[in-house]
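**Q** Here it is, the structure in full.
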Amino acid sequence: MKYLMSATLTLLLLSLPVAAQEQGSLNVMTTVQKEEVFVNDAGESETRLVPANTVVPGEAVIYTITFQNVGDEPAGNVVITNPIAETLSYVDGSAFGPGMQLQFSVDGGQNFAAANALTVEEDGTARPAGPADFTHIRWVMQNELAVNAMATARFTAVLK
């Protein structure tokens with residue numbers, strides 16, 4: 001990840017490395033977008049997703065991880081892991097992936113569990129982990145990914 005700081009704006013190249021584990025071959029692509037409000041030809045406001053080329057603190061970005069099985073056989077045991085940059089805070093409940101189990105990490109991707117099963121230690125006392133504690137998100141496909149099939153995982157985070 002690269003950062004360019006200015007007095008009024010933070011420019012962010014928001015492509016984090018995504019790890020994919022599977023039996024088979026996956027082509028993985030990550031896009032980072034943000035919502036922008038436009039006025040259409042009828043004078044009505046509409047919200048669209050646009051590339052997140054420029055992001056300011058407090059602004060949300062939407063990560064979409066698309067992966068396709070480009071192998072000759074169905075891909076089993078597909079696991080997609082995406083780190084959450086230290087400059088971002090995960091938006092609670094925003095991660096999803098059809099047909100996938102969600103897991104989170106609070107220790108830099110060493111261990112994963114359901115969000116409500118994670119704890120962090122603070123001043124010698126364990127407390128339930130919250131969205132700001134998450135360092136990684138993992139999607140575990142529950143079924144095989146057929147040859148040429150595509151799947152999508154998504155989450156939202158806010159620039160600190």
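Convention: chains lettered A, B, ... in structure tokens order; per-chain residue numbering from 1; ligands numbered from 1 as shown.
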Could you give me, as JSON lines, every region 74-105 of chain A residue with an atom at most 10 Å from region 52-58 of chain A, plus its closest atom pair and distance in Å to one decimal, counting only C-alpha atoms, rows ordered by chain then number?

**A**
```
{"residue": "A:Thr87", "atom": "CA", "partner": "A:Pro57", "partner_atom": "CA", "distance": 9.2}
{"residue": "A:Leu88", "atom": "CA", "partner": "A:Pro57", "partner_atom": "CA", "distance": 9.2}
{"residue": "A:Ser89", "atom": "CA", "partner": "A:Gly58", "partner_atom": "CA", "distance": 9.6}
```

**Q** Determine, counting only C-alpha atoms, which protein, DNA and RNA residues have an atom within 12 Å of an atom of region 104-114 of chain A; residues of the same chain fewer than 3 positions away are not included. Present the result as an mmCIF file with C-alpha atoms, in the first residue's frame.

**A**
```cif
data_model
loop_
_atom_site.group_PDB
_atom_site.id
_atom_site.type_symbol
_atom_site.label_atom_id
_atom_site.label_comp_id
_atom_site.auth_asym_id
_atom_site.auth_seq_id
_atom_site.Cartn_x
_atom_site.Cartn_y
_atom_site.Cartn_z
ATOM 1 C CA VAL A 18 -5.431 -10.707 -1.126
ATOM 2 C CA ALA A 19 -4.471 -14.270 -0.300
ATOM 3 C CA VAL A 79 -10.440 -19.415 1.183
ATOM 4 C CA ILE A 80 -10.019 -15.687 0.463
ATOM 5 C CA THR A 81 -8.184 -13.617 3.084
ATOM 6 C CA ASN A 82 -8.014 -9.819 2.935
ATOM 7 C CA PRO A 83 -6.036 -7.653 5.375
ATOM 8 C CA ILE A 84 -7.561 -4.447 6.680
ATOM 9 C CA ALA A 85 -5.007 -1.641 6.463
ATOM 10 C CA GLU A 86 -4.047 0.047 9.732
ATOM 11 C CA TYR A 90 -13.894 -2.087 9.338
ATOM 12 C CA ASP A 92 -19.483 -3.587 11.415
ATOM 13 C CA GLY A 93 -21.691 -6.019 9.495
ATOM 14 C CA ALA A 95 -18.641 -8.077 5.021
ATOM 15 C CA PHE A 96 -20.530 -10.625 2.977
ATOM 16 C CA GLN A 101 -18.539 -18.390 5.990
ATOM 17 C CA ALA A 117 -16.036 -15.324 19.278
ATOM 18 C CA LEU A 118 -13.000 -13.029 19.255
ATOM 19 C CA THR A 119 -11.516 -11.274 22.265
ATOM 20 C CA VAL A 120 -8.658 -8.843 22.731
ATOM 21 C CA GLU A 121 -6.606 -8.205 25.820
ATOM 22 C CA PRO A 128 -14.986 -8.850 23.282
ATOM 23 C CA ALA A 129 -13.345 -7.726 20.042
ATOM 24 C CA GLY A 130 -15.071 -4.982 18.095
ATOM 25 C CA PRO A 131 -14.898 -3.939 14.440
ATOM 26 C CA ALA A 132 -12.009 -1.534 15.114
ATOM 27 C CA ASP A 133 -9.942 -4.494 16.381
ATOM 28 C CA PHE A 134 -10.220 -6.559 13.183
ATOM 29 C CA THR A 135 -6.999 -6.873 11.170
ATOM 30 C CA HIS A 136 -8.132 -9.382 8.519
ATOM 31 C CA ILE A 137 -11.310 -10.800 7.005
ATOM 32 C CA ARG A 138 -11.540 -14.342 5.673
ATOM 33 C CA TRP A 139 -14.229 -15.822 3.449
ATOM 34 C CA VAL A 140 -14.442 -19.637 3.374
ATOM 35 C CA PHE A 155 -16.619 -5.320 2.837
#
```

**Q** With only C-alpha atoms as the atoms that count, which of A:Val70, A:Val78, A:Ala42, A:Val28 lies nearest to Asn148 (chain A)?

**A**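 Result for the nearest residue to Asn148 (chain A): A:Val70.
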
**Q** Step one, run DSSP on the backbone; step two, keep only residues of chain A assigned to strand (DSSP E or B); then write them as a PyMOL selection string.

**A** chain A and resi 2-5+10-13+19-23+26-39+45-51+54-55+60-69+75-83+88-90+96+100-105+113+119-122+125-128+136-141+145+150-159

**Q** Using CA of Pro74 (chain A) and CA of Asn27 (chain A) as the two end points, give the distance in Å to one decimal.

**A**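 Going from CA of Pro74 (chain A) over to CA of Asn27 (chain A), I get 13.5 Å.
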
**Q** Fewer than 5 positions away in the same chain doesn't count, so skip those; otherwise give me all residues within 8 Å of Leu49 (chain A), counting only C-alpha atoms, as a list in words.

**A**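 The contact residues come out as Gln33, Lys34, Glu35 and Glu36 of chain A.
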
**Q** Extract the full set of helix (DSSP H, G or I) residues from chain A according to DSSP on the backbone, and format it as a list in words.

**A**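 DSSP on the backbone gives helix (DSSP H, G or I) at Ala115, Asn116, Ala117, Pro131, Ala132 and Asp133 of chain A.
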
**Q** Which residue gives the smallest distance to Thr64 (chain A) among A:Asn40, A:Ser45, A:Ser94, A:Gln142, with only C-alpha atoms counted?

**A** A:Ser94

**Q** One decimal, in Å: what's the spacing between CA of Met141 (chain A) and CA of Gln103 (chain A)?

**A**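 For CA of Met141 (chain A) relative to CA of Gln103 (chain A), the distance reads 11.2 Å.
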
**Q** Using only C-alpha atoms, which of the listed residues (A:Met29, A:Ala115, A:Ala60, A:Leu102) sits closest to Leu159 (chain A)?

**A**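 Using only C-alpha atoms, Leu159 (chain A) sits closest to A:Ala60.
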
**Q** Compare A:Ser25, A:Leu145, A:Asn77, A:Val50 by their minimum atom-to-atom distance to Val37 (chain A), counting only C-alpha atoms, and give me the closest one.

**A**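 Among the listed residues, the smallest separation from Val37 (chain A) belongs to A:Val50.
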